[in-house]
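Structure data follow from my_file23.cif (mmCIF, C-alpha atoms and all ligand atoms):
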data_coords
loop_
_atom_site.label_atom_id
_atom_site.label_comp_id
_atom_site.auth_asym_id
_atom_site.auth_seq_id
_atom_site.Cartn_x
_atom_site.Cartn_y
_atom_site.Cartn_z
CA MET I 5 72.48 6.06 60.02
CA SER I 6 73.00 8.20 56.93
CA ASP I 7 74.18 6.73 53.62
CA ILE I 8 77.82 6.10 52.89
CA ILE I 9 79.20 7.84 49.81
CA VAL I 10 82.70 7.14 48.50
CA GLN I 11 84.30 10.20 46.90
CA LYS I 12 87.34 9.75 44.67
CA PHE I 13 89.50 12.70 43.68
CA GLY I 14 91.80 12.40 40.65
CA GLY I 15 95.23 13.90 40.09
CA THR I 16 94.21 17.35 38.84
CA SER I 17 91.65 17.63 41.62
CA VAL I 18 94.44 17.35 44.23
CA GLY I 19 97.15 18.90 42.02
CA SER I 20 98.13 21.81 44.34
CA ASP I 21 97.58 23.04 47.88
CA GLU I 22 94.77 25.30 46.60
CA ARG I 23 93.09 22.34 44.91
CA ILE I 24 93.45 20.20 48.05
CA ALA I 25 91.87 23.01 50.09
CA ALA I 26 88.97 23.15 47.59
CA VAL I 27 88.50 19.38 47.79
CA ALA I 28 88.45 19.60 51.61
CA GLN I 29 85.50 22.02 51.28
CA ILE I 30 83.64 19.59 48.97
CA ILE I 31 84.08 16.84 51.56
CA LYS I 32 83.06 19.09 54.45
CA LYS I 33 79.85 20.01 52.63
CA ALA I 34 79.02 16.43 51.63
CA LYS I 35 79.61 15.26 55.19
CA LYS I 36 76.61 17.27 56.40
CA ASP I 37 74.24 14.76 54.77
CA ASN I 38 76.23 11.55 54.40
CA GLN I 39 79.08 9.51 55.78
CA ILE I 40 82.06 10.11 53.51
CA ILE I 41 84.95 7.82 52.61
CA VAL I 42 87.61 9.41 50.40
CA VAL I 43 90.02 7.85 47.89
CA VAL I 44 92.77 9.96 46.33
CA SER I 45 95.12 9.79 43.35
CA ALA I 46 98.62 11.22 43.37
CA MET I 47 98.96 14.96 42.62
CA SER I 48 98.81 15.45 38.84
CA GLY I 49 102.06 14.61 37.04
CA GLU I 50 103.49 12.86 40.09
CA THR I 51 102.98 9.24 38.91
CA ASN I 52 104.61 10.10 35.56
CA ARG I 53 107.52 11.73 37.37
CA LEU I 54 108.02 8.63 39.52
CA ILE I 55 107.82 6.33 36.48
CA ASN I 56 110.56 8.36 34.77
CA LEU I 57 112.64 8.34 37.93
CA ALA I 58 112.34 4.55 38.05
CA LYS I 59 114.17 4.38 34.72
CA SER I 60 117.31 5.99 36.23
CA PHE I 61 119.06 2.63 36.48
CA GLY I 62 117.84 0.92 33.33
CA ASP I 63 114.68 0.62 31.26
CA ASN I 64 113.55 -2.53 33.01
CA PRO I 65 113.49 -1.82 36.74
CA ASP I 66 112.72 -4.59 39.22
CA ARG I 67 108.91 -4.89 39.25
CA ARG I 68 108.63 -5.01 43.04
CA GLU I 69 110.70 -1.87 43.52
CA PHE I 70 108.91 -0.16 40.62
CA ASP I 71 105.54 -0.54 42.35
CA ALA I 72 107.03 0.41 45.73
CA LEU I 73 108.22 3.66 44.16
CA ILE I 74 105.27 4.66 41.97
CA SER I 75 102.75 4.04 44.76
CA THR I 76 104.26 6.79 46.92
CA GLY I 77 102.45 9.68 45.16
CA GLU I 78 99.13 8.70 46.67
CA LYS I 79 100.56 8.72 50.19
CA VAL I 80 101.55 12.36 49.79
CA SER I 81 98.12 13.49 48.59
CA ALA I 82 96.25 11.39 51.19
CA SER I 83 98.11 12.87 54.14
CA LEU I 84 97.99 16.41 52.74
CA LEU I 85 94.23 16.14 52.30
CA ALA I 86 93.85 14.80 55.86
CA MET I 87 95.85 17.81 57.11
CA ALA I 88 93.68 20.19 55.07
CA LEU I 89 90.50 18.67 56.53
CA ASN I 90 91.83 18.76 60.08
CA SER I 91 92.71 22.45 59.59
CA ILE I 92 89.05 23.29 58.82
CA GLY I 93 87.70 21.32 61.76
CA VAL I 94 86.86 18.05 59.97
CA LYS I 95 88.52 15.07 61.60
CA ALA I 96 90.31 12.95 59.01
CA LYS I 97 92.95 10.21 58.89
CA SER I 98 94.97 8.97 55.93
CA PHE I 99 95.31 5.21 55.33
CA SER I 100 97.75 3.40 53.06
CA ALA I 101 96.82 0.16 51.31
CA SER I 102 98.55 -1.93 53.96
CA GLN I 103 96.75 -0.09 56.78
CA ILE I 104 93.38 -1.19 55.39
CA SER I 105 94.68 -4.57 54.15
CA MET I 106 93.86 -3.85 50.51
CA LYS I 107 94.87 -7.34 49.36
CA THR I 108 95.72 -7.89 45.70
CA THR I 109 97.20 -10.50 43.40
CA ASP I 110 100.98 -10.32 43.01
CA GLN I 111 101.02 -9.23 39.33
CA HIS I 112 103.02 -6.03 39.78
CA SER I 113 101.69 -2.95 37.96
CA LYS I 114 98.49 -4.74 36.99
CA ALA I 115 97.44 -6.29 40.28
CA LYS I 116 93.82 -7.17 40.91
CA ILE I 117 91.97 -6.46 44.14
CA ILE I 118 91.06 -9.58 46.14
CA ASP I 119 89.81 -8.23 49.47
CA VAL I 120 89.88 -5.24 51.80
CA ASP I 121 89.44 -4.72 55.55
CA GLY I 122 86.08 -2.96 55.58
CA GLU I 123 85.95 -3.08 59.39
CA LYS I 124 88.85 -0.68 59.73
CA ILE I 125 87.19 1.81 57.38
CA LEU I 126 83.77 1.48 59.04
CA SER I 127 85.14 1.84 62.58
CA THR I 128 86.91 5.03 61.49
CA LEU I 129 83.59 6.37 60.19
CA GLU I 130 81.95 5.48 63.50
CA GLU I 131 84.47 7.68 65.29
CA ASP I 132 83.28 10.51 63.02
CA VAL I 133 86.64 10.59 61.29
CA VAL I 134 86.84 10.77 57.47
CA PRO I 135 89.08 7.97 56.14
CA ILE I 136 91.32 9.21 53.30
CA ILE I 137 92.56 6.15 51.44
CA THR I 138 95.45 5.96 48.97
CA GLY I 139 94.13 4.85 45.57
CA PHE I 140 95.92 2.79 42.92
CA GLN I 141 97.66 0.36 45.27
CA GLY I 142 97.43 -2.77 47.32
CA VAL I 143 99.54 -5.32 49.13
CA THR I 144 100.18 -8.95 48.32
CA GLU I 145 99.62 -11.80 50.77
CA SER I 146 103.28 -11.49 51.73
CA GLY I 147 103.04 -7.73 52.27
CA ASP I 148 104.68 -6.37 49.10
CA VAL I 149 103.22 -3.21 47.60
CA THR I 150 101.46 -3.56 44.23
CA THR I 151 99.78 -1.09 41.88
CA LEU I 152 96.57 -1.53 39.91
CA GLY I 153 97.49 -0.07 36.50
CA ARG I 154 97.18 3.51 35.29
CA GLY I 155 93.99 5.14 36.43
CA GLY I 156 93.69 2.51 39.16
CA SER I 157 92.42 4.86 41.88
CA ASP I 158 89.00 4.67 40.23
CA THR I 159 89.03 0.93 40.89
CA THR I 160 90.12 1.37 44.50
CA ALA I 161 87.18 3.70 45.04
CA VAL I 162 84.53 1.46 43.47
CA ALA I 163 85.92 -1.64 45.20
CA ILE I 164 85.67 0.08 48.57
CA ALA I 165 82.19 1.37 47.75
CA ALA I 166 81.13 -2.20 46.91
CA HIS I 167 82.73 -3.57 50.08
CA VAL I 168 81.06 -1.15 52.51
CA ASN I 169 77.76 -1.16 50.62
CA ALA I 170 77.95 2.52 49.79
CA ALA I 171 74.92 4.21 48.28
CA ARG I 172 77.10 5.66 45.50
CA CYS I 173 80.65 6.20 44.35
CA ASP I 174 81.40 9.73 43.09
CA ILE I 175 84.42 10.05 40.79
CA TYR I 176 85.55 13.68 40.90
CA THR I 177 87.75 14.70 37.99
CA ASP I 178 88.72 17.61 35.73
CA VAL I 179 85.74 17.33 33.35
CA ASP I 180 82.12 17.75 34.45
CA GLY I 181 80.99 14.31 33.34
CA ILE I 182 81.22 11.64 30.67
CA TYR I 183 81.05 13.08 27.17
CA THR I 184 80.16 11.62 23.77
CA THR I 185 83.93 11.50 23.26
CA ASP I 186 87.04 13.03 24.87
CA PRO I 187 86.20 16.77 24.93
CA ARG I 188 89.90 17.56 24.66
CA VAL I 189 89.94 15.98 21.20
CA VAL I 190 86.49 17.04 20.00
CA PRO I 191 85.47 20.37 21.56
CA GLU I 192 81.91 19.85 20.21
CA ALA I 193 81.49 16.70 22.34
CA LYS I 194 78.34 16.74 24.47
CA LYS I 195 78.06 15.83 28.13
CA LEU I 196 75.75 12.88 28.83
CA ASP I 197 73.37 12.98 31.80
CA SER I 198 73.56 9.22 32.03
CA ILE I 199 75.08 6.25 30.27
CA THR I 200 74.20 2.59 30.72
CA MET I 201 76.60 0.28 32.49
CA GLU I 202 77.10 -1.88 29.42
CA GLU I 203 77.86 1.15 27.26
CA MET I 204 80.36 2.42 29.82
CA LEU I 205 82.00 -1.02 29.94
CA GLU I 206 82.59 -0.78 26.19
CA MET I 207 83.65 2.89 26.27
CA ALA I 208 86.19 2.33 29.07
CA GLY I 209 87.30 -0.98 27.58
CA GLN I 210 88.02 0.72 24.27
CA GLY I 211 90.09 3.50 25.81
CA ALA I 212 87.91 6.28 27.25
CA LYS I 213 90.26 6.97 30.12
CA VAL I 214 87.77 9.06 32.10
CA ILE I 215 87.28 5.96 34.27
CA GLN I 216 89.34 2.77 34.49
CA ILE I 217 87.68 -0.31 32.98
CA ARG I 218 88.24 -2.40 36.13
CA ALA I 219 86.27 0.19 38.11
CA VAL I 220 83.29 -0.17 35.76
CA GLU I 221 83.57 -3.97 35.98
CA PHE I 222 83.41 -3.76 39.80
CA ALA I 223 80.47 -1.36 39.63
CA ASN I 224 78.66 -3.75 37.31
CA LYS I 225 79.41 -6.87 39.34
CA PHE I 226 78.42 -5.36 42.69
CA GLN I 227 75.76 -2.99 41.31
CA VAL I 228 77.35 0.18 42.67
CA PRO I 229 75.88 3.38 41.21
CA VAL I 230 78.78 5.52 39.96
CA ARG I 231 78.73 9.20 39.10
CA VAL I 232 81.48 11.12 37.28
CA LEU I 233 81.59 14.84 38.08
CA SER I 234 83.87 17.86 38.34
CA SER I 235 85.73 18.96 41.46
CA PHE I 236 86.16 22.38 39.81
CA LYS I 237 82.53 23.38 39.33
CA ASP I 238 79.10 22.43 40.66
CA GLY I 239 76.90 20.08 38.67
CA ASN I 240 75.31 16.66 38.66
CA GLY I 241 77.85 15.05 36.34
CA THR I 242 77.01 11.80 34.56
CA LEU I 243 75.41 8.80 36.21
CA ILE I 244 76.46 5.35 35.06
CA SER I 245 73.02 3.87 35.25
CA LEU I 246 72.32 0.41 36.61
CA LYS I 247 69.09 0.34 34.62
CA GLU I 248 69.03 -1.25 31.17
CA GLU I 249 67.49 1.54 29.18
CA ASN I 250 69.36 4.49 27.81
CA MET I 251 67.52 7.55 29.05
CA GLU I 252 68.89 9.70 26.25
CA ASN I 253 67.55 7.25 23.69
CA ALA I 254 70.47 7.74 21.35
CA LEU I 255 71.55 5.31 18.68
CA ILE I 256 75.22 5.88 19.39
CA SER I 257 76.23 7.10 22.84
CA GLY I 258 79.88 7.76 22.27
CA ILE I 259 83.19 7.26 20.57
CA ALA I 260 86.19 5.84 22.38
CA PHE I 261 89.72 5.58 21.07
CA ASN I 262 93.09 4.21 22.03
CA LYS I 263 96.39 5.26 20.52
CA ASP I 264 98.64 3.08 22.64
CA GLN I 265 98.14 -0.10 20.67
CA THR I 266 100.43 -2.51 18.83
CA LYS I 267 99.40 -4.93 16.12
CA PHE I 268 101.08 -8.35 15.79
CA THR I 269 100.74 -10.48 12.67
CA LEU I 270 102.11 -13.99 12.41
CA HIS I 271 102.41 -14.51 8.68
CA GLY I 272 102.29 -18.07 7.37
CA VAL I 273 101.40 -20.05 10.50
CA GLU I 274 100.15 -23.62 10.23
CA ASP I 275 96.33 -23.66 10.00
CA THR I 276 95.71 -26.52 12.42
CA PRO I 277 93.33 -27.03 15.34
CA GLY I 278 94.74 -25.38 18.46
CA ILE I 279 96.85 -22.78 16.68
CA ALA I 280 95.01 -19.79 18.22
CA TYR I 281 95.51 -21.29 21.66
CA LYS I 282 99.17 -21.99 20.95
CA ILE I 283 99.71 -18.33 20.03
CA LEU I 284 97.51 -16.61 22.61
CA GLY I 285 97.68 -19.07 25.53
CA PRO I 286 101.17 -17.99 26.63
CA VAL I 287 100.20 -14.31 26.15
CA ASN I 288 97.16 -14.77 28.35
CA ASP I 289 99.26 -16.58 30.97
CA LYS I 290 101.17 -13.32 31.43
CA ASP I 291 97.88 -11.48 32.10
CA ILE I 292 98.22 -9.54 28.87
CA SER I 293 94.86 -8.69 27.39
CA VAL I 294 94.43 -9.25 23.69
CA ASP I 295 91.85 -7.42 21.61
CA VAL I 296 90.81 -7.43 17.92
CA ILE I 297 91.76 -10.97 16.83
CA VAL I 298 91.63 -11.96 13.17
CA GLN I 299 92.56 -15.23 11.50
CA ASN I 300 92.52 -15.28 7.72
CA ILE I 301 91.33 -18.07 5.44
CA SER I 302 94.19 -20.41 4.75
CA VAL I 303 96.10 -21.00 1.56
CA ASN I 304 97.95 -24.33 1.24
CA GLY I 305 97.44 -25.01 4.95
CA LYS I 306 99.07 -21.73 6.01
CA THR I 307 97.29 -18.69 7.38
CA ASP I 308 97.90 -15.21 8.84
CA PHE I 309 96.98 -14.54 12.47
CA THR I 310 96.63 -10.94 13.71
CA PHE I 311 95.82 -9.39 17.09
CA THR I 312 96.34 -6.17 19.03
CA VAL I 313 97.65 -5.51 22.55
CA ASP I 314 98.41 -2.43 24.66
CA SER I 315 101.75 -0.95 23.58
CA GLU I 316 103.13 -1.35 27.11
CA ASP I 317 102.94 -5.13 26.56
CA GLU I 318 104.71 -5.05 23.16
CA GLU I 319 108.15 -6.19 24.34
CA GLN I 320 106.76 -9.03 26.42
CA VAL I 321 104.54 -10.32 23.60
CA LYS I 322 107.45 -10.07 21.18
CA SER I 323 109.66 -12.18 23.38
CA ILE I 324 106.91 -14.77 23.95
CA LEU I 325 106.28 -15.17 20.21
CA LYS I 326 109.98 -15.25 19.35
CA SER I 327 111.00 -17.69 22.04
CA LYS I 328 111.96 -21.14 20.78
CA GLN I 329 109.85 -22.75 23.50
CA SER I 330 106.67 -21.41 21.94
CA GLY I 331 107.24 -23.96 19.17
CA LEU I 332 105.47 -21.67 16.72
CA ASP I 333 106.32 -22.07 13.10
CA TYR I 334 105.73 -18.93 11.01
CA ILE I 335 107.30 -17.28 7.99
CA ASP I 336 107.37 -13.76 9.38
CA LEU I 337 106.42 -11.80 12.50
CA LEU I 338 105.13 -8.32 11.67
CA ILE I 339 104.88 -5.76 14.48
CA ASP I 340 103.15 -2.44 13.85
CA ALA I 341 103.01 0.16 16.62
CA ASP I 342 101.70 2.93 14.34
CA ILE I 343 98.09 1.94 14.79
CA ALA I 344 95.13 3.13 16.82
CA LYS I 345 91.68 1.82 17.63
CA VAL I 346 88.53 3.88 17.26
CA SER I 347 85.21 2.49 18.50
CA ILE I 348 81.61 3.60 18.24
CA VAL I 349 79.47 2.48 21.16
CA GLY I 350 75.72 2.48 21.62
CA ALA I 351 73.01 0.19 22.93
CA GLY I 352 70.82 1.44 20.06
CA MET I 353 72.99 -0.52 17.67
CA ARG I 354 71.23 -3.68 18.73
CA SER I 355 68.00 -2.72 17.04
CA HIS I 356 69.35 -0.75 14.09
CA ALA I 357 70.97 -2.00 10.93
CA GLY I 358 73.30 0.11 8.86
CA ILE I 359 75.41 1.61 11.66
CA ALA I 360 78.55 -0.17 10.51
CA SER I 361 78.21 0.85 6.89
CA LYS I 362 77.59 4.45 7.92
CA ALA I 363 80.82 4.39 9.94
CA PHE I 364 82.78 2.82 7.07
CA GLU I 365 81.37 5.37 4.62
CA ALA I 366 82.36 8.27 6.88
CA LEU I 367 85.95 7.04 7.15
CA SER I 368 86.10 6.27 3.45
CA ASN I 369 85.04 9.84 2.63
CA GLU I 370 88.18 10.97 4.45
CA SER I 371 90.30 8.29 2.71
CA ILE I 372 91.06 6.61 6.03
CA ASN I 373 91.92 2.96 5.49
CA ILE I 374 90.43 0.45 7.96
CA GLN I 375 92.91 -2.35 8.69
CA LEU I 376 90.85 -4.51 11.04
CA ILE I 377 87.27 -4.53 12.29
CA SER I 378 85.75 -6.19 15.32
CA THR I 379 82.24 -5.92 16.65
CA SER I 380 80.11 -6.74 19.65
CA GLU I 381 76.35 -6.28 19.97
CA ILE I 382 76.77 -2.65 20.96
CA LYS I 383 80.21 -1.70 19.61
CA ILE I 384 82.19 -1.49 16.39
CA THR I 385 85.96 -1.18 16.68
CA MET I 386 88.14 -0.19 13.74
CA VAL I 387 91.93 -0.35 13.65
CA ILE I 388 93.48 2.44 11.57
CA GLU I 389 96.86 4.11 11.09
CA ASP I 390 97.46 6.23 14.18
CA LYS I 391 98.14 9.49 12.34
CA TYR I 392 94.48 9.54 11.23
CA LEU I 393 93.05 8.96 14.70
CA GLU I 394 91.96 12.49 15.52
CA LEU I 395 90.42 12.95 12.08
CA ALA I 396 88.61 9.61 12.42
CA VAL I 397 87.17 10.50 15.83
CA LYS I 398 85.99 13.92 14.63
CA THR I 399 84.53 12.46 11.41
CA LEU I 400 82.59 9.71 13.20
CA HIS I 401 81.39 12.12 15.89
CA LYS I 402 79.91 14.33 13.19
CA ALA I 403 78.56 11.48 11.05
CA PHE I 404 76.46 10.21 13.96
CA ASN I 405 75.30 13.74 14.91
CA LEU I 406 76.80 13.45 18.37
CA ASP I 407 77.49 17.19 18.36
CA LYS I 408 73.78 17.99 18.05
P1 LIG I 501 91.76 11.90 36.88
O1 LIG I 501 93.15 12.36 37.09
O2 LIG I 501 90.75 12.76 37.60
O3 LIG I 501 91.57 10.44 37.15
P2 LIG I 501 91.86 11.37 34.05
O4 LIG I 501 92.81 12.22 33.27
O5 LIG I 501 92.26 9.99 34.37
O6 LIG I 501 91.43 12.18 35.34
O7 LIG I 501 90.44 11.30 33.28
C1 LIG I 501 89.78 12.49 32.90
C2 LIG I 501 90.06 12.77 31.44
O8 LIG I 501 89.47 11.75 30.63
C3 LIG I 501 89.46 14.04 30.89
O9 LIG I 501 90.26 15.14 31.17
C4 LIG I 501 89.31 13.73 29.40
O10 LIG I 501 90.38 14.30 28.67
C5 LIG I 501 89.44 12.22 29.31
N1 LIG I 501 88.33 11.58 28.60
C6 LIG I 501 88.47 10.59 27.66
N2 LIG I 501 87.30 10.22 27.18
C7 LIG I 501 86.36 10.96 27.81
C8 LIG I 501 84.92 11.03 27.74
N3 LIG I 501 84.23 10.24 26.92
N4 LIG I 501 84.30 11.91 28.54
C9 LIG I 501 84.98 12.69 29.39
N5 LIG I 501 86.33 12.69 29.50
C10 LIG I 501 87.02 11.84 28.72
N1 LIG I 502 98.14 8.01 40.09
C1 LIG I 502 97.82 6.87 39.27
C2 LIG I 502 97.97 7.21 37.81
O1 LIG I 502 98.38 8.30 37.46
C3 LIG I 502 96.46 6.33 39.57
C4 LIG I 502 95.31 7.24 39.23
O2 LIG I 502 95.48 8.44 38.99
O3 LIG I 502 94.17 6.75 39.23
O4 LIG I 502 97.74 6.36 36.98
MG MG I 503 92.00 8.72 36.01
#

Starting from the file, lay out its structure as structure tokens.
Ligand code: ADP
Ligand code: ASP
Ligand code: MG
Amino acid sequence: MSDIIVQKFGGTSVGSDERIAAVAQIIKKAKKDNQIIVVVSAMSGETNRLINLAKSFGDNPDRREFDALISTGEKVSASLLAMALNSIGVKAKSFSASQISMKTTDQHSKAKIIDVDGEKILSTLEEDVVPIITGFQGVTESGDVTTLGRGGSDTTAVAIAAHVNAARCDIYTDVDGIYTTDPRVVPEAKKLDSITMEEMLEMAGQGAKVIQIRAVEFANKFQVPVRVLSSFKDGNGTLISLKEENMENALISGIAFNKDQTKFTLHGVEDTPGIAYKILGPVNDKDISVDVIVQNISVNGKTDFTFTVDSEDEEQVKSILKSKQSGLDYIDLLIDADIAKVSIVGAGMRSHAGIASKAFEALSNESINIQLISTSEIKITMVIEDKYLELAVKTLHKAFNLDK
């Protein structure tokens, strides 16, 4: 039996009937050597259109109905692609999440995949039919439709690849691979031939939206080789390598950034054991992920506690912190949405001192103030005012010679 390859096509790749026809040709060609399972996103712009439509009857639509609506884009592209394949003599069948029992948790709009019916997919392959699966969505135990968060089709694809033991998962998109930073922001960005899994975890985690972080986590957990490549032109793309070493041997592999961030500061909270848990426990209970966390030294038993969250979670965090039940005693709650995070990522950081100071110097030369800093072994994240984001990314990219 030949290897199974999962191919995922993003929104731009299936954005028109011409693009769908082109994708059908890619699948037809790949099918000569391998067994192909396909995962599709909605046609480009469609998910945004549905999200706007959902706000027709108020800014806070019912979460169940919201997911039921915004998951429909993928059904359209899946069936259109199946039709395109059938028209060129390749047997194909579209499948929705419920048809393959893509079971998820019931956290609407950020559901997590629990299990999938691999048998259904494999028996379709055995009939020599290409399964075309709707990305981005699942069903709860009770049969309600959920979605996996923006960019979630990547995760659908890698989860299926892991489940059927695929030899590789190919993520086809509108760029020809993973770059040192978003090539739309820095035209001098360079394409990488490969990037290590741990570097990609940090890049995606810090905002490089070329692949969803959950997809990289799945790939890491189940050791699925993933490749990112273009559906518009031929090429090998970028391999997210399962091996430890960085083949390109660079100190810094890339720069990721995220503009959609909000900073919360509780000014004058009691500095007692358990205070961090008291603040962040209820936030975590709502499945809201918290990043850069800073607690200051205390003065007279009071301290300042700061953290960042995705802007889409701002309202929810605000209401948690302001609710009487939280029992939190603070002088002031400061909320700043005009911030952004910029991160430099590289496994080479581990063995080299001076990376941080070089980054700080570069930003200081442009008079960009750093508000918060957080680090891991292979990453430095800096929170800055959002209007300086593009300048900061370009400056750091140059300072670390990533354009060379
Ligand atoms: P798709 O619809 O195919 O899922 P996305 O828009 O989600 O595509 O992701 C592809 C986009 O990711 C690119 O067009 C690019 O602007 C952006 N991007 C951000 N960071 C990077 C990076 N480091 N390398 C390549 N692309 C990146
Ligand atoms: N269509 C969804 C989105 O726009 C999922 C995806 O493209 O991966 O976020
Ligand atoms: Mg995407």

Spatial neighbours of I:Pro65, max dist 12 Å, all atoms listed in the file, sep filter under 6 positions, as a PyMOL selection string: chain I and resi 55-59+71-74+112-113

Site check for ligand MG 503 (chain I): residues at most 8 Å away, all atoms listed in the file, as a VMD selection string: chain I and resid 14 to 15 154 to 158 177 213 to 216

Atom CA of I:Val232 to atom CA of I:His167, distance in Å rounded to a single decimal: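 Pair atom CA of I:Val232 / atom CA of I:His167 returns 19.5 Å.
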
Could I get the residues of chain I with an atom no further than 8 Å from an atom of ligand LIG 501 (chain I), each paired with its nearest atom pair and that distance in Å to one decimal, using all atoms listed in the file, sorted by chain and residue number, as a tab-separated table?
residue	atom	partner	partner_atom	distance
I:Phe13	CA	I:LIG501	O2	6.2
I:Gly14	CA	I:LIG501	O2	3.2
I:Gly15	CA	I:LIG501	O1	4.0
I:Thr16	CA	I:LIG501	O1	5.4
I:Ser17	CA	I:LIG501	O2	6.4
I:Ser45	CA	I:LIG501	O1	7.0
I:Ser48	CA	I:LIG501	O1	6.7
I:Gly155	CA	I:LIG501	O5	5.5
I:Ser157	CA	I:LIG501	O3	7.4
I:Asp158	CA	I:LIG501	O3	7.0
I:Ile175	CA	I:LIG501	O2	7.6
I:Tyr176	CA	I:LIG501	O2	6.2
I:Thr177	CA	I:LIG501	O2	3.6
I:Asp178	CA	I:LIG501	O9	5.4
I:Val179	CA	I:LIG501	O9	5.5
I:Asp180	CA	I:LIG501	C9	7.7
I:Gly181	CA	I:LIG501	C9	5.8
I:Ile182	CA	I:LIG501	N4	3.8
I:Tyr183	CA	I:LIG501	N4	3.7
I:Thr184	CA	I:LIG501	N3	5.3
I:Thr185	CA	I:LIG501	N3	3.9
I:Asp186	CA	I:LIG501	N2	3.6
I:Pro187	CA	I:LIG501	N5	6.1
I:Arg188	CA	I:LIG501	O10	5.2
I:Val189	CA	I:LIG501	O10	7.7
I:Lys195	CA	I:LIG501	N4	7.4
I:Met207	CA	I:LIG501	N3	7.4
I:Gly211	CA	I:LIG501	N2	7.4
I:Ala212	CA	I:LIG501	N2	4.0
I:Lys213	CA	I:LIG501	C6	4.7
I:Val214	CA	I:LIG501	O8	3.5
I:Ile215	CA	I:LIG501	O7	6.3
I:Gln216	CA	I:LIG501	O5	7.8
I:Gly258	CA	I:LIG501	N3	6.8
I:Ile259	CA	I:LIG501	N3	7.1
I:Ala260	CA	I:LIG501	N2	6.6

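Of the residues listed (I:Lys116, I:Lys79, I:Lys12, I:Lys35), I:Lys12 shows the shortest atom-to-atom separation from I:Ala165; distances use all atoms listed in the file.
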
Where atoms are missing, can you supply N, CA, C and O atoms for stretch 221-232 of chain I and output the lot as a PDB file, in the coordinates of the input?
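As written to disk, out-v8.pdb reads:
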ATOM      1  N   GLU I 221      83.866  -2.546  35.780  1.00  0.00           N
ATOM      2  CA  GLU I 221      83.570  -3.970  35.980  1.00  0.00           C
ATOM      3  C   GLU I 221      83.117  -4.241  37.424  1.00  0.00           C
ATOM      4  O   GLU I 221      82.150  -4.970  37.662  1.00  0.00           O
ATOM      5  N   PHE I 222      83.806  -3.624  38.389  1.00  0.00           N
ATOM      6  CA  PHE I 222      83.410  -3.760  39.800  1.00  0.00           C
ATOM      7  C   PHE I 222      82.015  -3.200  40.021  1.00  0.00           C
ATOM      8  O   PHE I 222      81.181  -3.815  40.687  1.00  0.00           O
ATOM      9  N   ALA I 223      81.775  -2.024  39.448  1.00  0.00           N
ATOM     10  CA  ALA I 223      80.470  -1.360  39.630  1.00  0.00           C
ATOM     11  C   ALA I 223      79.367  -2.249  39.083  1.00  0.00           C
ATOM     12  O   ALA I 223      78.294  -2.371  39.673  1.00  0.00           O
ATOM     13  N   ASN I 224      79.652  -2.886  37.952  1.00  0.00           N
ATOM     14  CA  ASN I 224      78.660  -3.750  37.310  1.00  0.00           C
ATOM     15  C   ASN I 224      78.420  -5.006  38.155  1.00  0.00           C
ATOM     16  O   ASN I 224      77.297  -5.379  38.463  1.00  0.00           O
ATOM     17  N   LYS I 225      79.519  -5.615  38.588  1.00  0.00           N
ATOM     18  CA  LYS I 225      79.410  -6.870  39.340  1.00  0.00           C
ATOM     19  C   LYS I 225      78.681  -6.672  40.666  1.00  0.00           C
ATOM     20  O   LYS I 225      77.839  -7.477  41.054  1.00  0.00           O
ATOM     21  N   PHE I 226      79.011  -5.567  41.362  1.00  0.00           N
ATOM     22  CA  PHE I 226      78.420  -5.360  42.690  1.00  0.00           C
ATOM     23  C   PHE I 226      77.289  -4.340  42.687  1.00  0.00           C
ATOM     24  O   PHE I 226      76.828  -3.918  43.743  1.00  0.00           O
ATOM     25  N   GLN I 227      76.880  -3.928  41.465  1.00  0.00           N
ATOM     26  CA  GLN I 227      75.760  -2.990  41.310  1.00  0.00           C
ATOM     27  C   GLN I 227      75.930  -1.719  42.154  1.00  0.00           C
ATOM     28  O   GLN I 227      75.050  -1.330  42.938  1.00  0.00           O
ATOM     29  N   VAL I 228      77.081  -1.090  41.984  1.00  0.00           N
ATOM     30  CA  VAL I 228      77.350   0.180  42.670  1.00  0.00           C
ATOM     31  C   VAL I 228      77.025   1.329  41.704  1.00  0.00           C
ATOM     32  O   VAL I 228      77.598   1.391  40.626  1.00  0.00           O
ATOM     33  N   PRO I 229      76.107   2.218  42.081  1.00  0.00           N
ATOM     34  CA  PRO I 229      75.880   3.380  41.210  1.00  0.00           C
ATOM     35  C   PRO I 229      77.127   4.281  41.239  1.00  0.00           C
ATOM     36  O   PRO I 229      77.673   4.554  42.305  1.00  0.00           O
ATOM     37  N   VAL I 230      77.575   4.675  40.054  1.00  0.00           N
ATOM     38  CA  VAL I 230      78.780   5.520  39.960  1.00  0.00           C
ATOM     39  C   VAL I 230      78.412   6.805  39.240  1.00  0.00           C
ATOM     40  O   VAL I 230      77.669   6.794  38.258  1.00  0.00           O
ATOM     41  N   ARG I 231      78.959   7.918  39.737  1.00  0.00           N
ATOM     42  CA  ARG I 231      78.730   9.200  39.100  1.00  0.00           C
ATOM     43  C   ARG I 231      80.088   9.810  38.785  1.00  0.00           C
ATOM     44  O   ARG I 231      81.009   9.704  39.596  1.00  0.00           O
ATOM     45  N   VAL I 232      80.240  10.421  37.618  1.00  0.00           N
ATOM     46  CA  VAL I 232      81.480  11.120  37.280  1.00  0.00           C
ATOM     47  C   VAL I 232      81.157  12.601  37.253  1.00  0.00           C
ATOM     48  O   VAL I 232      80.199  13.017  36.582  1.00  0.00           O
TER      49      VAL I 232
END
